[in-house]
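Reproduced below: query-v7.pdb, with PDB, C-alpha atoms and all ligand atoms.
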ATOM      1  CA  MET E   1     180.389 117.814 -53.459  1.00  0.00           C
ATOM      2  CA  GLU E   2     178.032 120.612 -52.466  1.00  0.00           C
ATOM      3  CA  ARG E   3     179.606 123.762 -51.051  1.00  0.00           C
ATOM      4  CA  ASN E   4     178.065 123.199 -47.625  1.00  0.00           C
ATOM      5  CA  ASP E   5     179.413 119.593 -47.613  1.00  0.00           C
ATOM      6  CA  SER E   6     182.913 121.054 -47.338  1.00  0.00           C
ATOM      7  CA  ALA E   7     181.904 122.629 -44.038  1.00  0.00           C
ATOM      8  CA  THR E   8     180.660 119.298 -42.624  1.00  0.00           C
ATOM      9  CA  PRO E   9     183.042 118.385 -39.805  1.00  0.00           C
ATOM     10  CA  ASP E  10     181.705 114.846 -39.451  1.00  0.00           C
ATOM     11  CA  PRO E  11     182.698 112.619 -42.385  1.00  0.00           C
ATOM     12  CA  ILE E  12     180.376 109.817 -41.213  1.00  0.00           C
ATOM     13  CA  ALA E  13     177.436 112.228 -41.526  1.00  0.00           C
ATOM     14  CA  LEU E  14     178.701 113.232 -44.971  1.00  0.00           C
ATOM     15  CA  PHE E  15     179.025 109.551 -45.951  1.00  0.00           C
ATOM     16  CA  LEU E  16     175.425 108.917 -44.846  1.00  0.00           C
ATOM     17  CA  LYS E  17     174.261 111.930 -46.872  1.00  0.00           C
ATOM     18  CA  TRP E  18     176.036 110.608 -49.985  1.00  0.00           C
ATOM     19  CA  TYR E  19     174.755 107.072 -49.308  1.00  0.00           C
ATOM     20  CA  GLU E  20     171.205 108.396 -49.107  1.00  0.00           C
ATOM     21  CA  GLU E  21     171.716 110.461 -52.273  1.00  0.00           C
ATOM     22  CA  ALA E  22     173.024 107.359 -54.044  1.00  0.00           C
ATOM     23  CA  GLN E  23     169.555 105.880 -53.446  1.00  0.00           C
ATOM     24  CA  THR E  24     167.265 108.891 -53.602  1.00  0.00           C
ATOM     25  CA  GLY E  25     169.093 111.641 -55.498  1.00  0.00           C
ATOM     26  CA  GLY E  26     170.171 115.043 -54.236  1.00  0.00           C
ATOM     27  CA  SER E  27     168.112 117.852 -52.801  1.00  0.00           C
ATOM     28  CA  GLY E  28     165.497 119.715 -54.866  1.00  0.00           C
ATOM     29  CA  LEU E  29     162.454 117.815 -56.164  1.00  0.00           C
ATOM     30  CA  PHE E  30     163.302 118.098 -59.862  1.00  0.00           C
ATOM     31  CA  SER E  31     167.061 118.567 -59.570  1.00  0.00           C
ATOM     32  CA  LYS E  32     169.114 116.882 -62.317  1.00  0.00           C
ATOM     33  CA  LYS E  33     170.480 114.489 -59.708  1.00  0.00           C
ATOM     34  CA  ARG E  34     167.014 113.520 -58.491  1.00  0.00           C
ATOM     35  CA  VAL E  35     165.587 112.956 -61.991  1.00  0.00           C
ATOM     36  CA  ILE E  36     168.620 110.785 -62.882  1.00  0.00           C
ATOM     37  CA  SER E  37     168.236 108.951 -59.596  1.00  0.00           C
ATOM     38  CA  TRP E  38     164.549 108.217 -60.300  1.00  0.00           C
ATOM     39  CA  GLY E  39     165.597 106.844 -63.690  1.00  0.00           C
ATOM     40  CA  VAL E  40     168.192 104.677 -61.982  1.00  0.00           C
ATOM     41  CA  GLN E  41     165.641 103.424 -59.484  1.00  0.00           C
ATOM     42  CA  VAL E  42     163.172 102.507 -62.236  1.00  0.00           C
ATOM     43  CA  ILE E  43     165.932 100.621 -64.103  1.00  0.00           C
ATOM     44  CA  ARG E  44     166.980  98.997 -60.837  1.00  0.00           C
ATOM     45  CA  ARG E  45     163.435  97.824 -60.079  1.00  0.00           C
ATOM     46  CA  LEU E  46     163.015  96.501 -63.642  1.00  0.00           C
ATOM     47  CA  LEU E  47     166.356  94.671 -63.469  1.00  0.00           C
ATOM     48  CA  SER E  48     165.453  93.236 -60.073  1.00  0.00           C
ATOM     49  CA  ALA E  49     162.073  92.062 -61.413  1.00  0.00           C
ATOM     50  CA  VAL E  50     163.540  90.462 -64.539  1.00  0.00           C
ATOM     51  CA  PHE E  51     166.782  89.251 -62.959  1.00  0.00           C
ATOM     52  CA  PRO E  52     166.110  88.694 -59.249  1.00  0.00           C
ATOM     53  CA  TRP E  53     169.843  88.484 -58.565  1.00  0.00           C
ATOM     54  CA  SER E  54     170.682  91.718 -60.291  1.00  0.00           C
ATOM     55  CA  ASN E  55     172.226  94.163 -57.868  1.00  0.00           C
ATOM     56  CA  LEU E  56     174.363  96.010 -60.363  1.00  0.00           C
ATOM     57  CA  LEU E  57     173.047  99.348 -59.287  1.00  0.00           C
ATOM     58  CA  TRP E  58     172.694  98.717 -55.576  1.00  0.00           C
ATOM     59  CA  PRO E  59     174.464 101.380 -53.548  1.00  0.00           C
ATOM     60  CA  ASP E  60     175.324  99.079 -50.643  1.00  0.00           C
ATOM     61  CA  ILE E  61     178.014  97.092 -52.481  1.00  0.00           C
ATOM     62  CA  ALA E  62     181.508  97.973 -51.286  1.00  0.00           C
ATOM     63  CA  THR E  63     184.955  96.540 -51.926  1.00  0.00           C
ATOM     64  CA  LEU E  64     186.638  95.307 -48.753  1.00  0.00           C
ATOM     65  CA  ALA E  65     190.435  95.161 -48.805  1.00  0.00           C
ATOM     66  CA  THR E  66     192.403  93.212 -46.204  1.00  0.00           C
ATOM     67  CA  VAL E  67     196.048  92.208 -45.725  1.00  0.00           C
ATOM     68  CA  THR E  68     197.131  88.573 -46.070  1.00  0.00           C
ATOM     69  CA  PRO E  69     199.669  86.909 -43.748  1.00  0.00           C
ATOM     70  CA  GLU E  70     202.097  87.170 -46.704  1.00  0.00           C
ATOM     71  CA  ASN E  71     201.603  90.960 -46.582  1.00  0.00           C
ATOM     72  CA  ARG E  72     199.705  90.968 -49.853  1.00  0.00           C
ATOM     73  CA  PRO E  73     196.483  92.894 -50.458  1.00  0.00           C
ATOM     74  CA  ALA E  74     193.230  90.921 -50.853  1.00  0.00           C
ATOM     75  CA  ALA E  75     189.906  92.407 -51.936  1.00  0.00           C
ATOM     76  CA  ARG E  76     186.316  91.320 -52.477  1.00  0.00           C
ATOM     77  CA  SER E  77     182.786  92.782 -52.483  1.00  0.00           C
ATOM     78  CA  VAL E  78     180.619  92.868 -49.371  1.00  0.00           C
ATOM     79  CA  LEU E  79     177.269  94.432 -48.551  1.00  0.00           C
ATOM     80  CA  PHE E  80     177.342  97.475 -46.286  1.00  0.00           C
ATOM     81  CA  LYS E  81     174.828  97.062 -43.471  1.00  0.00           C
ATOM     82  CA  GLY E  82     174.834 100.490 -41.866  1.00  0.00           C
ATOM     83  CA  ILE E  83     176.754 102.282 -39.156  1.00  0.00           C
ATOM     84  CA  ALA E  84     177.144 100.162 -36.022  1.00  0.00           C
ATOM     85  CA  GLN E  85     179.307 100.901 -32.974  1.00  0.00           C
ATOM     86  CA  GLY E  86     180.756 103.949 -34.741  1.00  0.00           C
ATOM     87  CA  GLY E  87     181.925 101.914 -37.717  1.00  0.00           C
ATOM     88  CA  PHE E  88     180.849 100.691 -41.164  1.00  0.00           C
ATOM     89  CA  SER E  89     179.293  97.258 -40.716  1.00  0.00           C
ATOM     90  CA  PHE E  90     179.191  94.161 -42.903  1.00  0.00           C
ATOM     91  CA  TYR E  91     178.474  90.487 -42.222  1.00  0.00           C
ATOM     92  CA  THR E  92     180.466  87.426 -43.160  1.00  0.00           C
ATOM     93  CA  ASN E  93     181.900  84.110 -41.999  1.00  0.00           C
ATOM     94  CA  TYR E  94     184.637  84.604 -39.385  1.00  0.00           C
ATOM     95  CA  GLU E  95     186.382  81.457 -40.661  1.00  0.00           C
ATOM     96  CA  SER E  96     186.471  82.627 -44.286  1.00  0.00           C
ATOM     97  CA  LYS E  97     189.725  83.784 -45.869  1.00  0.00           C
ATOM     98  CA  LYS E  98     188.886  87.407 -45.045  1.00  0.00           C
ATOM     99  CA  GLY E  99     187.844  86.422 -41.500  1.00  0.00           C
ATOM    100  CA  LYS E 100     191.222  84.777 -40.871  1.00  0.00           C
ATOM    101  CA  GLU E 101     193.045  87.739 -42.398  1.00  0.00           C
ATOM    102  CA  LEU E 102     191.125  90.167 -40.184  1.00  0.00           C
ATOM    103  CA  ALA E 103     191.807  88.036 -37.088  1.00  0.00           C
ATOM    104  CA  ALA E 104     195.556  88.260 -37.803  1.00  0.00           C
ATOM    105  CA  ASN E 105     195.521  91.899 -38.927  1.00  0.00           C
ATOM    106  CA  PRO E 106     192.418  94.046 -38.311  1.00  0.00           C
ATOM    107  CA  SER E 107     193.520  96.762 -40.797  1.00  0.00           C
ATOM    108  CA  ALA E 108     191.028  97.086 -43.630  1.00  0.00           C
ATOM    109  CA  VAL E 109     189.704  99.444 -46.266  1.00  0.00           C
ATOM    110  CA  LEU E 110     186.168  99.697 -47.671  1.00  0.00           C
ATOM    111  CA  VAL E 111     185.673 101.422 -51.027  1.00  0.00           C
ATOM    112  CA  PHE E 112     182.254 102.528 -52.282  1.00  0.00           C
ATOM    113  CA  TYR E 113     181.587 103.715 -55.810  1.00  0.00           C
ATOM    114  CA  TRP E 114     178.305 105.205 -57.012  1.00  0.00           C
ATOM    115  CA  HIS E 115     177.544 106.152 -60.587  1.00  0.00           C
ATOM    116  CA  PHE E 116     175.007 108.973 -60.199  1.00  0.00           C
ATOM    117  CA  PRO E 117     176.571 111.358 -59.379  1.00  0.00           C
ATOM    118  CA  PRO E 118     180.011 109.741 -59.809  1.00  0.00           C
ATOM    119  CA  ARG E 119     181.336 109.439 -56.278  1.00  0.00           C
ATOM    120  CA  GLN E 120     183.840 107.330 -54.400  1.00  0.00           C
ATOM    121  CA  VAL E 121     184.322 106.996 -50.645  1.00  0.00           C
ATOM    122  CA  ARG E 122     187.370 105.227 -49.184  1.00  0.00           C
ATOM    123  CA  ILE E 123     187.271 104.252 -45.514  1.00  0.00           C
ATOM    124  CA  ASP E 124     190.486 103.174 -43.834  1.00  0.00           C
ATOM    125  CA  GLY E 125     190.642 101.821 -40.298  1.00  0.00           C
ATOM    126  CA  MET E 126     190.549  98.777 -38.025  1.00  0.00           C
ATOM    127  CA  VAL E 127     187.715  96.264 -37.738  1.00  0.00           C
ATOM    128  CA  LEU E 128     186.000  95.134 -34.559  1.00  0.00           C
ATOM    129  CA  LYS E 129     183.639  92.176 -34.327  1.00  0.00           C
ATOM    130  CA  LEU E 130     179.991  93.080 -33.788  1.00  0.00           C
ATOM    131  CA  SER E 131     178.154  91.395 -30.911  1.00  0.00           C
ATOM    132  CA  ARG E 132     176.462  88.005 -31.071  1.00  0.00           C
ATOM    133  CA  GLU E 133     173.111  89.779 -30.498  1.00  0.00           C
ATOM    134  CA  GLU E 134     173.694  91.957 -33.596  1.00  0.00           C
ATOM    135  CA  ALA E 135     174.632  88.856 -35.640  1.00  0.00           C
ATOM    136  CA  GLU E 136     171.503  87.009 -34.536  1.00  0.00           C
ATOM    137  CA  ALA E 137     169.246  90.008 -35.187  1.00  0.00           C
ATOM    138  CA  TYR E 138     170.569  90.332 -38.739  1.00  0.00           C
ATOM    139  CA  TRP E 139     170.479  86.541 -39.264  1.00  0.00           C
ATOM    140  CA  LYS E 140     166.746  86.542 -38.417  1.00  0.00           C
ATOM    141  CA  ALA E 141     166.150  89.203 -41.100  1.00  0.00           C
ATOM    142  CA  ARG E 142     167.669  86.987 -43.830  1.00  0.00           C
ATOM    143  CA  ASN E 143     165.508  84.550 -45.763  1.00  0.00           C
ATOM    144  CA  ARG E 144     165.690  80.781 -45.237  1.00  0.00           C
ATOM    145  CA  GLU E 145     167.557  80.085 -48.508  1.00  0.00           C
ATOM    146  CA  ASN E 146     170.189  82.594 -47.544  1.00  0.00           C
ATOM    147  CA  GLN E 147     170.500  81.168 -44.010  1.00  0.00           C
ATOM    148  CA  ALA E 148     170.750  77.587 -45.310  1.00  0.00           C
ATOM    149  CA  ALA E 149     173.520  78.534 -47.773  1.00  0.00           C
ATOM    150  CA  SER E 150     175.483  80.356 -45.054  1.00  0.00           C
ATOM    151  CA  ALA E 151     175.050  77.534 -42.522  1.00  0.00           C
ATOM    152  CA  ALA E 152     175.873  74.721 -44.963  1.00  0.00           C
ATOM    153  CA  VAL E 153     179.604  75.276 -45.476  1.00  0.00           C
ATOM    154  CA  THR E 154     182.540  77.324 -44.218  1.00  0.00           C
ATOM    155  CA  GLN E 155     182.936  80.190 -46.647  1.00  0.00           C
ATOM    156  CA  SER E 156     186.186  80.024 -48.678  1.00  0.00           C
ATOM    157  CA  SER E 157     186.734  76.293 -47.955  1.00  0.00           C
ATOM    158  CA  ILE E 158     187.428  74.073 -50.982  1.00  0.00           C
ATOM    159  CA  ILE E 159     184.382  72.093 -52.107  1.00  0.00           C
ATOM    160  CA  ARG E 160     183.865  69.483 -54.848  1.00  0.00           C
ATOM    161  CA  GLY E 161     181.597  71.856 -56.723  1.00  0.00           C
ATOM    162  CA  ARG E 162     178.041  73.123 -56.889  1.00  0.00           C
ATOM    163  CA  GLU E 163     176.554  69.660 -56.336  1.00  0.00           C
ATOM    164  CA  GLU E 164     178.250  69.399 -52.900  1.00  0.00           C
ATOM    165  CA  MET E 165     176.870  72.818 -52.007  1.00  0.00           C
ATOM    166  CA  VAL E 166     173.321  71.851 -53.121  1.00  0.00           C
ATOM    167  CA  GLU E 167     173.571  68.586 -51.139  1.00  0.00           C
ATOM    168  CA  LYS E 168     174.729  70.375 -47.969  1.00  0.00           C
ATOM    169  CA  VAL E 169     172.096  73.104 -48.285  1.00  0.00           C
ATOM    170  CA  ASN E 170     169.400  70.404 -48.628  1.00  0.00           C
ATOM    171  CA  GLN E 171     170.784  68.574 -45.562  1.00  0.00           C
ATOM    172  CA  ILE E 172     170.530  71.774 -43.517  1.00  0.00           C
ATOM    173  CA  LYS E 173     166.987  72.415 -44.746  1.00  0.00           C
ATOM    174  CA  SER E 174     165.833  68.905 -43.850  1.00  0.00           C
ATOM    175  CA  ARG E 175     167.679  68.912 -40.499  1.00  0.00           C
ATOM    176  CA  TYR E 176     165.801  72.100 -39.558  1.00  0.00           C
ATOM    177  CA  LYS E 177     162.513  71.298 -41.290  1.00  0.00           C
ATOM    178  CA  GLY E 178     159.761  73.332 -39.612  1.00  0.00           C
ATOM    179  CA  LYS E 179     162.351  74.920 -37.324  1.00  0.00           C
ATOM    180  CA  THR E 180     164.519  78.028 -37.408  1.00  0.00           C
ATOM    181  CA  ILE E 181     167.980  77.530 -38.898  1.00  0.00           C
ATOM    182  CA  PRO E 182     170.325  78.691 -36.124  1.00  0.00           C
ATOM    183  CA  CYS E 183     172.970  81.329 -36.767  1.00  0.00           C
ATOM    184  CA  PRO E 184     176.351  79.505 -36.858  1.00  0.00           C
ATOM    185  CA  ASP E 185     178.921  80.630 -34.264  1.00  0.00           C
ATOM    186  CA  SER E 186     181.284  81.401 -37.123  1.00  0.00           C
ATOM    187  CA  TRP E 187     178.875  83.829 -38.785  1.00  0.00           C
ATOM    188  CA  GLY E 188     178.688  87.468 -37.722  1.00  0.00           C
ATOM    189  CA  GLY E 189     179.481  91.067 -38.370  1.00  0.00           C
ATOM    190  CA  TYR E 190     182.375  93.458 -38.283  1.00  0.00           C
ATOM    191  CA  CYS E 191     182.439  97.210 -38.090  1.00  0.00           C
ATOM    192  CA  LEU E 192     185.262  99.091 -39.697  1.00  0.00           C
ATOM    193  CA  VAL E 193     186.081 101.907 -37.275  1.00  0.00           C
ATOM    194  CA  PRO E 194     187.380 104.701 -39.499  1.00  0.00           C
ATOM    195  CA  GLU E 195     190.696 106.512 -39.042  1.00  0.00           C
ATOM    196  CA  LYS E 196     190.704 108.115 -42.498  1.00  0.00           C
ATOM    197  CA  ILE E 197     187.787 108.785 -44.873  1.00  0.00           C
ATOM    198  CA  GLU E 198     188.216 110.176 -48.340  1.00  0.00           C
ATOM    199  CA  PHE E 199     185.499 111.575 -50.598  1.00  0.00           C
ATOM    200  CA  TRP E 200     185.922 111.918 -54.353  1.00  0.00           C
ATOM    201  CA  GLU E 201     183.334 113.445 -56.633  1.00  0.00           C
ATOM    202  CA  GLY E 202     183.646 113.542 -60.416  1.00  0.00           C
ATOM    203  CA  ARG E 203     182.966 116.837 -62.186  1.00  0.00           C
ATOM    204  CA  PHE E 204     182.148 117.467 -65.834  1.00  0.00           C
ATOM    205  CA  ASP E 205     185.145 119.822 -66.195  1.00  0.00           C
ATOM    206  CA  TRP E 206     187.480 117.014 -65.017  1.00  0.00           C
ATOM    207  CA  ILE E 207     188.504 119.131 -62.023  1.00  0.00           C
ATOM    208  CA  HIS E 208     187.283 116.515 -59.615  1.00  0.00           C
ATOM    209  CA  GLN E 209     186.784 117.193 -55.933  1.00  0.00           C
ATOM    210  CA  ARG E 210     188.739 115.177 -53.375  1.00  0.00           C
ATOM    211  CA  GLU E 211     188.512 115.702 -49.602  1.00  0.00           C
ATOM    212  CA  HIS E 212     190.550 113.633 -47.161  1.00  0.00           C
ATOM    213  CA  TYR E 213     189.576 113.402 -43.472  1.00  0.00           C
ATOM    214  CA  VAL E 214     192.003 112.108 -40.829  1.00  0.00           C
ATOM    215  CA  LEU E 215     191.088 111.395 -37.219  1.00  0.00           C
ATOM    216  CA  ASN E 216     193.608 113.183 -35.007  1.00  0.00           C
ATOM    217  CA  ASN E 217     193.205 112.743 -31.221  1.00  0.00           C
ATOM    218  CA  GLY E 218     189.464 112.215 -31.611  1.00  0.00           C
ATOM    219  CA  THR E 219     188.950 115.185 -33.964  1.00  0.00           C
ATOM    220  CA  TRP E 220     188.404 114.910 -37.698  1.00  0.00           C
ATOM    221  CA  GLU E 221     190.752 117.099 -39.742  1.00  0.00           C
ATOM    222  CA  LYS E 222     190.198 117.742 -43.418  1.00  0.00           C
ATOM    223  CA  VAL E 223     192.535 118.495 -46.309  1.00  0.00           C
ATOM    224  CA  SER E 224     191.807 118.769 -50.026  1.00  0.00           C
ATOM    225  CA  LEU E 225     193.923 116.567 -52.269  1.00  0.00           C
ATOM    226  CA  ALA E 226     194.707 116.890 -55.953  1.00  0.00           C
ATOM    227  CA  PRO E 227     192.327 114.548 -57.730  1.00  0.00           C
TER     228      PRO E 227
HETATM  229  C1  LIG N 301     177.710  92.022 -54.799  1.00  0.00           C
HETATM  230  C2  LIG N 301     178.347  91.074 -53.830  1.00  0.00           C
HETATM  231  C3  LIG N 301     178.060  91.181 -52.487  1.00  0.00           C
HETATM  232  C4  LIG N 301     178.650  90.320 -51.580  1.00  0.00           C
HETATM  233  N1  LIG N 301     178.378  90.474 -50.251  1.00  0.00           N
HETATM  234  C5  LIG N 301     179.018  89.690 -49.357  1.00  0.00           C
HETATM  235  C6  LIG N 301     178.847  89.930 -47.954  1.00  0.00           C
HETATM  236  O1  LIG N 301     178.135  90.846 -47.512  1.00  0.00           O
HETATM  237  N2  LIG N 301     179.510  89.105 -47.100  1.00  0.00           N
HETATM  238  C7  LIG N 301     180.330  88.103 -47.546  1.00  0.00           C
HETATM  239  O2  LIG N 301     180.892  87.395 -46.720  1.00  0.00           O
HETATM  240  N3  LIG N 301     180.517  87.871 -48.861  1.00  0.00           N
HETATM  241  C8  LIG N 301     179.901  88.654 -49.773  1.00  0.00           C
HETATM  242  N4  LIG N 301     180.106  88.455 -51.111  1.00  0.00           N
HETATM  243  C9  LIG N 301     181.048  87.394 -51.532  1.00  0.00           C
HETATM  244  C10 LIG N 301     182.471  87.940 -51.386  1.00  0.00           C
HETATM  245  O3  LIG N 301     182.763  88.892 -52.419  1.00  0.00           O
HETATM  246  C11 LIG N 301     183.533  86.831 -51.382  1.00  0.00           C
HETATM  247  O4  LIG N 301     183.445  86.053 -52.546  1.00  0.00           O
HETATM  248  C12 LIG N 301     183.378  85.923 -50.174  1.00  0.00           C
HETATM  249  O5  LIG N 301     183.062  86.669 -49.003  1.00  0.00           O
HETATM  250  C13 LIG N 301     184.649  85.132 -49.913  1.00  0.00           C
HETATM  251  O6  LIG N 301     185.719  86.036 -49.725  1.00  0.00           O
HETATM  252  P1  LIG N 301     187.060  85.583 -48.987  1.00  0.00           P
HETATM  253  O7  LIG N 301     187.439  84.234 -49.542  1.00  0.00           O
HETATM  254  O8  LIG N 301     188.067  86.632 -49.308  1.00  0.00           O
HETATM  255  O9  LIG N 301     186.773  85.509 -47.506  1.00  0.00           O
HETATM  256  C14 LIG N 301     179.535  89.313 -52.038  1.00  0.00           C
HETATM  257  C15 LIG N 301     179.826  89.218 -53.394  1.00  0.00           C
HETATM  258  C16 LIG N 301     179.252  90.079 -54.275  1.00  0.00           C
HETATM  259  C17 LIG N 301     179.612  89.960 -55.729  1.00  0.00           C
END
Take the structure in the file and write it out as structure tokens.
Amino acid sequence: MERNDSATPDPIALFLKWYEEAQTGGSGLFSKKRVISWGVQVIRRLLSAVFPWSNLLWPDIATLATVTPENRPAARSVLFKGIAQGGFSFYTNYESKKGKELAANPSAVLVFYWHFPPRQVRIDGMVLKLSREEAEAYWKARNRENQAASAAVTQSSIIRGREEMVEKVNQIKSRYKGKTIPCPDSWGGYCLVPEKIEFWEGRFDWIHQREHYVLNNGTWEKVSLAP
């Protein structure tokens, strides 16, 4: 964490700065961070070219934790899609396991981890559903394969196996041949409106930096925590 980061009163702005640095490196053209980041980007591009599905080094992967009706934690990866309506957005199927959990209990946590520099951000709050217009706008930006797979089945439902999935995806593609695949009503976005945001940055001397922000009556308050 840079010294002037500590003075940043807005943790969402600090998150966006870290998120950008996770993709582009820190300030200073030839700073250590930037050179490492260029290396990471080259590796990332090569991996993406050789393995089109490789997203190992993508900075937009976050772990989303929810609470089950049995009061147990549940977690899975989602793709962060930017700040929307003051919260951290992601898209999913509202009838999936996570969708049902969020309908019953909107409390959730998103955890980001980036390797270079080693940083973690934990965002704790309540989710809100994004609008239908936002869902449709994002749906249009996805490719046809992706749309067909999302429209074919209800996420998290039990299926016979891959062959059922392939069959249903092909049915959707032929049903909408030459036409746009419509965005299912059950598909859309959430934004996690933060109440607490915590930043952790690893240091070579093992004295890691940890800053915890809490929203108190509309104002962000910050404390440092032992790492
Ligand atoms: C890297 C990665 C990114 C993912 N992104 C999403 C996403 O943005 N939305 C989503 O619904 N599922 C995403 N998934 C799949 C989820 O991790 C999960 O398997 C799925 O949403 C079903 O979760 P649930 O049964 O708890 O609802 C992603 C998985 C991985 C590994």
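Across the structure, CA of Gln85 in chain E and CA of Gln147 in chain E are spaced 24.3 Å apart.
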- Restricting the calculation to only C-alpha atoms and all ligand atoms, which member of E:Val42, E:Leu16, E:Ala62, E:Ala135 is positioned closest to ligand LIG 301 (chain N)? E:Ala62
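Relative to CA of Lys168 in chain E, CA of Ser77 in chain E is found at 24.2 Å.
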- Message: Using only C-alpha atoms and all ligand atoms, which residues of the polymer chains come no farther than 6 Å from ligand LIG 301 (chain N)? I'd like the answer as number ranges by chain.
- Response: E: 61, 76-79, 90-93, 96-98, 156
Could you produce a table of the residues of range 137-213 of chain E lying within 12 Å of range 103-111 of chain E, with the nearest pair of atoms per residue and their separation in Å rounded to one decimal, using all atoms listed in the file, ordered by chain and increasing residue number, as JSON lines?
{"residue": "E:Tyr190", "atom": "CA", "partner": "E:Pro106", "partner_atom": "CA", "distance": 10.1}
{"residue": "E:Cys191", "atom": "CA", "partner": "E:Ala108", "partner_atom": "CA", "distance": 10.2}
{"residue": "E:Leu192", "atom": "CA", "partner": "E:Ala108", "partner_atom": "CA", "distance": 7.3}
{"residue": "E:Val193", "atom": "CA", "partner": "E:Ala108", "partner_atom": "CA", "distance": 9.4}
{"residue": "E:Pro194", "atom": "CA", "partner": "E:Val109", "partner_atom": "CA", "distance": 8.9}
{"residue": "E:Glu195", "atom": "CA", "partner": "E:Val109", "partner_atom": "CA", "distance": 10.2}
{"residue": "E:Lys196", "atom": "CA", "partner": "E:Val109", "partner_atom": "CA", "distance": 9.5}
{"residue": "E:Ile197", "atom": "CA", "partner": "E:Val109", "partner_atom": "CA", "distance": 9.6}
{"residue": "E:Glu198", "atom": "CA", "partner": "E:Val111", "partner_atom": "CA", "distance": 9.5}
{"residue": "E:Phe199", "atom": "CA", "partner": "E:Val111", "partner_atom": "CA", "distance": 10.2}
{"residue": "E:Trp200", "atom": "CA", "partner": "E:Val111", "partner_atom": "CA", "distance": 11.0}
- Query: Expanded to explicit residues, what is the PyMOL selection byres (((chain E and resi 149) around 10) and not hetatm) for this file, as a list in words?
  - Reply: Arg144, Glu145, Asn146, Gln147, Ala148, Ser150, Ala151, Ala152, Val153, Thr154, Gln155, Met165, Val166, Lys168, Val169, Asn170, Ile172 and Lys173 of chain E
Which centre and edge lengths in Å to one decimal define the box along x, y and z that fits every listed atom of range 139-146 of chain E plus 3 Å per side, as JSON?
{"center_x": 168.0, "center_y": 84.6, "center_z": -43.5, "size_x": 11.0, "size_y": 15.1, "size_z": 16.1}
- By how many Å are CA of Phe80 in chain E and CA of Leu64 in chain E apart? 9.9 Å
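Considering all atoms listed in the file, the residue among E:Trp187, E:Trp38, E:Tyr19, E:Tyr138 positioned nearest to Gly99 in chain E is E:Trp187.
Each of E:Leu14, E:Leu225, E:Ala84, E:Ile207 was checked against Lys129 in chain E using only C-alpha atoms; the smallest atom-to-atom distance is that of E:Ala84.
Among the candidate residues E:Pro9, E:Gly125, E:Pro118, E:Gly87, the one lying nearest to Glu21 in chain E is E:Pro118, with distances computed using only C-alpha atoms.
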- Message: Using only C-alpha atoms, list the residues that have an atom at most 7 Å from (173.8, 108.3, -60.1), coordinates as in the file, as a count of residues only.
- Response: 9
- Note on the structure: Using all atoms listed in the file, the shortest atom-to-atom distance to Ala137 in chain E among E:Ile159, E:Ala65, E:Leu102, E:Cys183 belongs to E:Cys183
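Minimum distance to Phe15 in chain E across E:Gln209, E:Thr68, E:Gln120, E:Asn143 (counting all atoms listed in the file) occurs at E:Gln120.
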Taking the file as I've supplied it (selection: the PyMOL selection byres (((chain E and resi 215) around 10) and not hetatm)), which residues are included? Please answer as a JSON list (two decimals) with C-alpha atoms, keeping the file's coordinate frame.
[["chain", "number", "residue", "atom", "x", "y", "z"],
["E", 11, "PRO", "CA", 182.70, 112.62, -42.38],
["E", 194, "PRO", "CA", 187.38, 104.70, -39.50],
["E", 195, "GLU", "CA", 190.70, 106.51, -39.04],
["E", 196, "LYS", "CA", 190.70, 108.12, -42.50],
["E", 197, "ILE", "CA", 187.79, 108.78, -44.87],
["E", 213, "TYR", "CA", 189.58, 113.40, -43.47],
["E", 214, "VAL", "CA", 192.00, 112.11, -40.83],
["E", 216, "ASN", "CA", 193.61, 113.18, -35.01],
["E", 217, "ASN", "CA", 193.20, 112.74, -31.22],
["E", 218, "GLY", "CA", 189.46, 112.22, -31.61],
["E", 219, "THR", "CA", 188.95, 115.18, -33.96],
["E", 220, "TRP", "CA", 188.40, 114.91, -37.70],
["E", 221, "GLU", "CA", 190.75, 117.10, -39.74],
["E", 222, "LYS", "CA", 190.20, 117.74, -43.42]]
